[in-house]
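J.: File follows, start.pdb with PDB, C-alpha atoms:
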```
ATOM      1  CA  MET A  29     -54.127 -49.949 -14.046
ATOM      2  CA  THR A  30     -51.902 -48.016 -16.454
ATOM      3  CA  ARG A  31     -52.910 -44.688 -14.934
ATOM      4  CA  SER A  32     -52.130 -45.899 -11.407
ATOM      5  CA  PHE A  33     -48.759 -47.225 -12.518
ATOM      6  CA  ALA A  34     -47.911 -43.913 -14.216
ATOM      7  CA  GLN A  35     -48.896 -41.988 -11.092
ATOM      8  CA  ILE A  36     -46.746 -44.223  -8.895
ATOM      9  CA  VAL A  37     -43.775 -43.807 -11.252
ATOM     10  CA  GLY A  38     -44.359 -40.042 -11.259
ATOM     11  CA  LEU A  39     -44.455 -39.966  -7.466
ATOM     12  CA  LEU A  40     -41.247 -41.998  -7.157
ATOM     13  CA  LEU A  41     -39.434 -39.814  -9.714
ATOM     14  CA  SER A  42     -40.604 -36.712  -7.899
ATOM     15  CA  ILE A  43     -39.392 -37.997  -4.528
ATOM     16  CA  LEU A  44     -36.025 -39.016  -5.991
ATOM     17  CA  GLY A  45     -35.655 -35.636  -7.681
ATOM     18  CA  LEU A  46     -36.482 -33.737  -4.510
ATOM     19  CA  VAL A  47     -33.992 -35.830  -2.525
ATOM     20  CA  LEU A  48     -31.270 -35.016  -5.069
ATOM     21  CA  VAL A  49     -32.135 -31.314  -4.977
ATOM     22  CA  GLY A  50     -32.156 -31.380  -1.172
ATOM     23  CA  CYS A  51     -28.763 -33.086  -1.066
ATOM     24  CA  THR A  52     -27.153 -30.412  -3.206
ATOM     25  CA  LEU A  53     -27.992 -27.753  -0.636
ATOM     26  CA  ALA A  54     -25.607 -29.394   1.824
ATOM     27  CA  LEU A  55     -22.819 -30.178  -0.669
ATOM     28  CA  ASP A  56     -19.733 -28.017  -1.099
ATOM     29  CA  HIS A  57     -17.789 -27.248  -4.265
ATOM     30  CA  TRP A  58     -20.563 -25.749  -6.398
ATOM     31  CA  ARG A  59     -17.812 -23.926  -8.243
ATOM     32  CA  VAL A  60     -14.125 -24.756  -8.036
ATOM     33  CA  ALA A  61     -10.907 -23.062  -9.135
ATOM     34  CA  GLN A  62      -7.278 -24.127  -8.836
ATOM     35  CA  VAL A  63      -4.527 -21.521  -8.645
ATOM     36  CA  GLY A  64      -0.866 -22.408  -8.983
ATOM     37  CA  GLY A  65       0.693 -25.795  -9.385
ATOM     38  CA  GLN A  66       2.314 -24.918 -12.691
ATOM     39  CA  GLY A  67       5.988 -24.340 -13.336
ATOM     40  CA  GLY A  68       9.153 -26.317 -13.002
ATOM     41  CA  SER A  69      10.039 -25.708  -9.368
ATOM     42  CA  SER A  70      10.480 -28.542  -6.910
ATOM     43  CA  VAL A  71       8.021 -26.917  -4.501
ATOM     44  CA  VAL A  72       4.466 -27.127  -5.741
ATOM     45  CA  ALA A  73       2.187 -24.535  -4.162
ATOM     46  CA  THR A  74      -1.416 -25.053  -5.105
ATOM     47  CA  ALA A  75      -4.453 -23.244  -3.813
ATOM     48  CA  TRP A  76      -8.096 -24.121  -4.303
ATOM     49  CA  PHE A  77     -10.971 -21.668  -4.274
ATOM     50  CA  TRP A  78     -14.415 -23.169  -3.929
ATOM     51  CA  SER A  79     -17.841 -21.923  -3.010
ATOM     52  CA  ASP A  80     -21.392 -23.053  -2.514
ATOM     53  CA  LEU A  81     -24.629 -21.319  -1.567
ATOM     54  CA  TRP A  82     -23.472 -20.632   1.973
ATOM     55  CA  LYS A  83     -19.766 -19.696   1.834
ATOM     56  CA  ASP A  84     -16.617 -18.988  -0.177
ATOM     57  CA  CYS A  85     -13.508 -20.922   0.851
ATOM     58  CA  TYR A  86      -9.788 -20.929   0.141
ATOM     59  CA  GLU A  87      -7.645 -24.024   0.749
ATOM     60  CA  ASP A  88      -3.874 -23.984   0.405
ATOM     61  CA  SER A  89      -1.434 -26.839  -0.192
ATOM     62  CA  THR A  90      -1.031 -27.396   3.563
ATOM     63  CA  ALA A  91      -4.762 -28.234   3.801
ATOM     64  CA  VAL A  92      -5.613 -25.101   5.763
ATOM     65  CA  VAL A  93      -9.115 -23.939   4.856
ATOM     66  CA  ASN A  94     -10.331 -20.379   5.352
ATOM     67  CA  CYS A  95     -14.005 -19.664   4.716
ATOM     68  CA  VAL A  96     -16.216 -16.606   4.597
ATOM     69  CA  ASP A  97     -19.850 -17.363   5.457
ATOM     70  CA  PHE A  98     -22.709 -15.654   3.667
ATOM     71  CA  GLY A  99     -25.241 -16.518   6.338
ATOM     72  CA  VAL A 100     -28.589 -17.848   5.200
ATOM     73  CA  LEU A 101     -28.914 -17.246   1.485
ATOM     74  CA  TRP A 102     -32.231 -18.334  -0.015
ATOM     75  CA  LYS A 103     -32.002 -17.034  -3.569
ATOM     76  CA  VAL A 104     -34.182 -19.755  -5.076
ATOM     77  CA  LYS A 105     -37.045 -19.417  -2.610
ATOM     78  CA  SER A 106     -39.794 -18.402  -5.012
ATOM     79  CA  VAL A 107     -38.549 -19.879  -8.286
ATOM     80  CA  SER A 108     -38.176 -23.470  -9.326
ATOM     81  CA  ALA A 109     -35.026 -25.370  -8.456
ATOM     82  CA  MET A 110     -34.035 -25.821 -12.091
ATOM     83  CA  ALA A 111     -34.190 -22.083 -12.742
ATOM     84  CA  GLY A 112     -32.018 -21.513  -9.683
ATOM     85  CA  TYR A 113     -29.402 -24.014 -10.858
ATOM     86  CA  CYS A 114     -29.419 -22.546 -14.360
ATOM     87  CA  LEU A 115     -28.890 -19.036 -12.999
ATOM     88  CA  TYR A 116     -25.992 -20.224 -10.843
ATOM     89  CA  ILE A 117     -24.452 -22.082 -13.801
ATOM     90  CA  ASN A 118     -24.804 -18.903 -15.846
ATOM     91  CA  ARG A 119     -22.767 -17.029 -13.206
ATOM     92  CA  VAL A 120     -20.057 -19.702 -13.202
ATOM     93  CA  VAL A 121     -19.827 -19.798 -17.006
ATOM     94  CA  ALA A 122     -19.711 -15.995 -17.210
ATOM     95  CA  ALA A 123     -16.857 -15.922 -14.679
ATOM     96  CA  PHE A 124     -15.064 -18.681 -16.626
ATOM     97  CA  LEU A 125     -15.365 -16.816 -19.932
ATOM     98  CA  HIS A 126     -14.352 -13.525 -18.306
ATOM     99  CA  SER A 127     -11.219 -15.169 -16.894
ATOM    100  CA  LYS A 128     -10.242 -16.327 -20.397
ATOM    101  CA  ALA A 129     -10.423 -12.725 -21.613
ATOM    102  CA  ASP A 130      -8.561 -11.390 -18.562
ATOM    103  CA  PRO A 131      -6.056 -13.944 -17.160
ATOM    104  CA  SER A 132      -5.729 -12.033 -13.876
ATOM    105  CA  HIS A 133      -9.195 -13.285 -12.819
ATOM    106  CA  VAL A 134      -9.751 -16.712 -11.263
ATOM    107  CA  SER A 135     -11.243 -19.305 -13.621
ATOM    108  CA  TYR A 136     -14.074 -21.187 -11.903
ATOM    109  CA  GLU A 137     -15.493 -24.481 -13.106
ATOM    110  CA  MET A 138     -18.820 -26.160 -12.336
ATOM    111  CA  GLY A 139     -18.748 -28.565  -9.424
ATOM    112  CA  PRO A 140     -20.560 -31.905  -9.047
ATOM    113  CA  PRO A 141     -23.463 -30.526  -6.953
ATOM    114  CA  LEU A 142     -24.656 -28.499  -9.935
ATOM    115  CA  TYR A 143     -24.920 -31.629 -12.064
ATOM    116  CA  VAL A 144     -26.711 -33.511  -9.278
ATOM    117  CA  GLY A 145     -29.111 -30.602  -8.797
ATOM    118  CA  LEU A 146     -29.901 -30.391 -12.492
ATOM    119  CA  ALA A 147     -30.522 -34.147 -12.630
ATOM    120  CA  GLY A 148     -32.828 -33.937  -9.610
ATOM    121  CA  SER A 149     -34.682 -30.965 -11.081
ATOM    122  CA  GLY A 150     -35.073 -32.834 -14.359
ATOM    123  CA  LEU A 151     -36.584 -35.815 -12.541
ATOM    124  CA  VAL A 152     -39.076 -33.535 -10.796
ATOM    125  CA  VAL A 153     -40.081 -32.005 -14.150
ATOM    126  CA  ILE A 154     -40.472 -35.464 -15.736
ATOM    127  CA  ALA A 155     -42.590 -36.600 -12.782
ATOM    128  CA  ALA A 156     -44.784 -33.516 -13.123
ATOM    129  CA  VAL A 157     -45.311 -34.225 -16.840
ATOM    130  CA  VAL A 158     -46.228 -37.872 -16.140
ATOM    131  CA  ASN A 159     -48.736 -36.889 -13.450
ATOM    132  CA  TRP A 160     -50.143 -34.097 -15.629
ATOM    133  CA  ALA A 161     -50.643 -36.556 -18.487
ATOM    134  CA  THR A 162     -52.629 -38.934 -16.280
ATOM    135  CA  VAL A 163     -54.840 -36.106 -15.011
ATOM    136  CA  CYS A 164     -55.476 -34.773 -18.532
ATOM    137  CA  ASP A 165     -56.354 -38.277 -19.691
ATOM    138  CA  LYS A 166     -58.932 -38.593 -16.932
ATOM    139  CA  LEU A 167     -60.430 -35.119 -17.428
ATOM    140  CA  ASN A 168     -60.820 -35.399 -21.202
ATOM    141  CA  PRO A 169     -64.598 -36.051 -21.681
ATOM    142  CA  LYS A 170     -64.227 -37.076 -25.321
ATOM    143  CA  ARG A 171     -61.790 -39.775 -24.342
ATOM    144  CA  LEU A 172     -64.112 -41.009 -21.579
ATOM    145  CA  THR A 173     -67.078 -41.461 -23.948
ATOM    146  CA  GLU A 174     -64.884 -43.326 -26.435
ATOM    147  CA  HIS A 175     -63.667 -45.571 -23.616
ATOM    148  CA  ARG A 176     -67.226 -46.316 -22.429
ATOM    149  CA  GLN A 177     -68.415 -47.241 -25.930
ATOM    150  CA  ALA A 178     -65.588 -49.738 -26.433
TER     151      ALA A 178
END
```
Rewrite the structure from the file as structure tokens, please.

T.:
Amino acid sequence: MTRSFAQIVGLLLSILGLVLVGCTLALDHWRVAQVGGQGGSSVVATAWFWSDLWKDCYEDSTAVVNCVDFGVLWKVKSVSAMAGYCLYINRVVAAFLHSKADPSHVSYEMGPPLYVGLAGSGLVVIAAVVNWATVCDKLNPKRLTEHRQA
């Protein structure tokens, strides 16, 4: 009974994790940067740069959005989702740190889809560990003989 329950929990965690990972592919704002908006003038001109896996966009204070599409970009095709998110976060953090050293560069920050993707990837990893533990428990012959003797 315990093994079946663990497998069901593992399956549900895996499905939830994959849904979260799948949702992040459609979300915008993987990395976000705000330019302007400082100063003491009465006219506030703010621009937002944001990007995701599919495009880079620029939005000005009049809500006009201009985007450049990348086309289909499957960078994480053969590696796990968590590795893909970590690599993308590494790029964002490197750009953020580089902008601190050189103020002429745009300072990007991590957007919400990266956190959702990491959470989903973590759930998939936890589900895999739970299912692996139930399989190892069943395949361990020493454990089976102890169980039969009891």

J.: Using only C-alpha atoms, which of A:Cys95, A:Ala123, A:Cys164, A:Ala155 sits nearest Lys83 of chain A?

T.: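 Looking at the shortest contact to Lys83 of chain A, the residue is A:Cys95.
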
J.: Would you work out the distance separating atom CA of Met110 of chain A from atom CA of Thr30 of chain A, expressed in Å to one decimal?

T.: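 A separation of 28.8 Å between them.
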
J.: Rank nothing, just name the residue among A:Trp58, A:Tyr136, A:Trp160, A:Phe98 nearest to Leu39 of chain A, using all atoms listed in the file.

T.: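 For Leu39 of chain A, the nearest of the candidates is A:Trp160.
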
J.: One decimal, Å: what's the distance from atom CA of Gly64 of chain A over to atom CA of Tyr116 of chain A, could you say?

T.: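 Here the two named atoms are 25.3 Å from each other.
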
J.: One decimal, Å: what's the distance from atom CA of Ala109 of chain A over to atom CA of Leu125 of chain A, could you say?

T.: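 Between atom CA of Ala109 of chain A and atom CA of Leu125 of chain A the gap is 24.3 Å.
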
J.: So that I can see what lies close to Leu55 of chain A, please list as an NGL selection string the residues with an atom at most 8 Å from it, counting all atoms listed in the file and leaving out residues fewer than 4 positions away in the same chain.

T.: :A and (51 or 80 or 141)

J.: Could you name the residues that touch Leu46 of chain A at 8 Å or less, counting only C-alpha atoms, but leaving out those on the same chain fewer than 6 positions away, as a list of chain:residue names?

T.: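 The residues satisfying every condition are A:Gly148, A:Ser149, A:Val152.
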
J.: Quick check on the file I pasted: which residues fall under the PyMOL selection byres ((chain A and resi 52) around 9)? Write them as a PyMOL selection string.

T.: chain A and resi 47-51+53-56+58+140-142+144-145

J.: Write the selection just made, keeping C-alpha atoms, as a PDB file, in the coordinates of the input?

T.:
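And here's result.pdb as it stands now:
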```pdb
ATOM      1  CA  VAL A  47     -33.992 -35.830  -2.525  1.00  0.00           C
ATOM      2  CA  LEU A  48     -31.270 -35.016  -5.069  1.00  0.00           C
ATOM      3  CA  VAL A  49     -32.135 -31.314  -4.977  1.00  0.00           C
ATOM      4  CA  GLY A  50     -32.156 -31.380  -1.172  1.00  0.00           C
ATOM      5  CA  CYS A  51     -28.763 -33.086  -1.066  1.00  0.00           C
ATOM      6  CA  LEU A  53     -27.992 -27.753  -0.636  1.00  0.00           C
ATOM      7  CA  ALA A  54     -25.607 -29.394   1.824  1.00  0.00           C
ATOM      8  CA  LEU A  55     -22.819 -30.178  -0.669  1.00  0.00           C
ATOM      9  CA  ASP A  56     -19.733 -28.017  -1.099  1.00  0.00           C
ATOM     10  CA  TRP A  58     -20.563 -25.749  -6.398  1.00  0.00           C
ATOM     11  CA  PRO A 140     -20.560 -31.905  -9.047  1.00  0.00           C
ATOM     12  CA  PRO A 141     -23.463 -30.526  -6.953  1.00  0.00           C
ATOM     13  CA  LEU A 142     -24.656 -28.499  -9.935  1.00  0.00           C
ATOM     14  CA  VAL A 144     -26.711 -33.511  -9.278  1.00  0.00           C
ATOM     15  CA  GLY A 145     -29.111 -30.602  -8.797  1.00  0.00           C
TER      16      GLY A 145
END
```

J.: If I put a ball of radius 8 Å at (-1.5, -27.1, -0.1) in the file's coordinates, which residues poke into it when counting all atoms listed in the file, written as a list in words?

T.: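 The answer, in the requested form, is Ala73, Thr74, Ala75, Glu87, Asp88, Ser89, Thr90, Ala91 and Val92 of chain A.
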
J.: Nearest to Cys114 of chain A: which of A:Cys85, A:Ala161, A:Leu146, A:Glu137 is it, counting only C-alpha atoms?

T.: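 When distances to Cys114 of chain A are compared using only C-alpha atoms, the smallest one comes from A:Leu146.
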
J.: Find the residue from A:Ala34, A:Leu115, A:Ala147, A:Ala122 that sits nearest to Asn159 of chain A; use all atoms listed in the file when measuring.

T.: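 Selected residue with least distance to Asn159 of chain A: A:Ala34.
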
J.: Could you check which of A:Asn118, A:Ser127, A:Ser135, A:Thr162 is closest to Phe77 of chain A, using only C-alpha atoms?

T.: A:Ser135

J.: Taking all atoms listed in the file into account, which of A:Val158, A:His57, A:Tyr113, A:Met138 comes nearest Tyr86 of chain A?

T.: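 Nearest candidate to Tyr86 of chain A out of A:Val158, A:His57, A:Tyr113, A:Met138: A:His57.
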
J.: So that all listed atoms of segment 60-63 of chain A fit with 8 Å spare on each side, what axis-aligned box centre and edge lengths in Å, to one decimal, would you give as JSON?

T.:
```
{"center_x": -9.3, "center_y": -23.1, "center_z": -8.6, "size_x": 25.6, "size_y": 19.2, "size_z": 17.1}
```
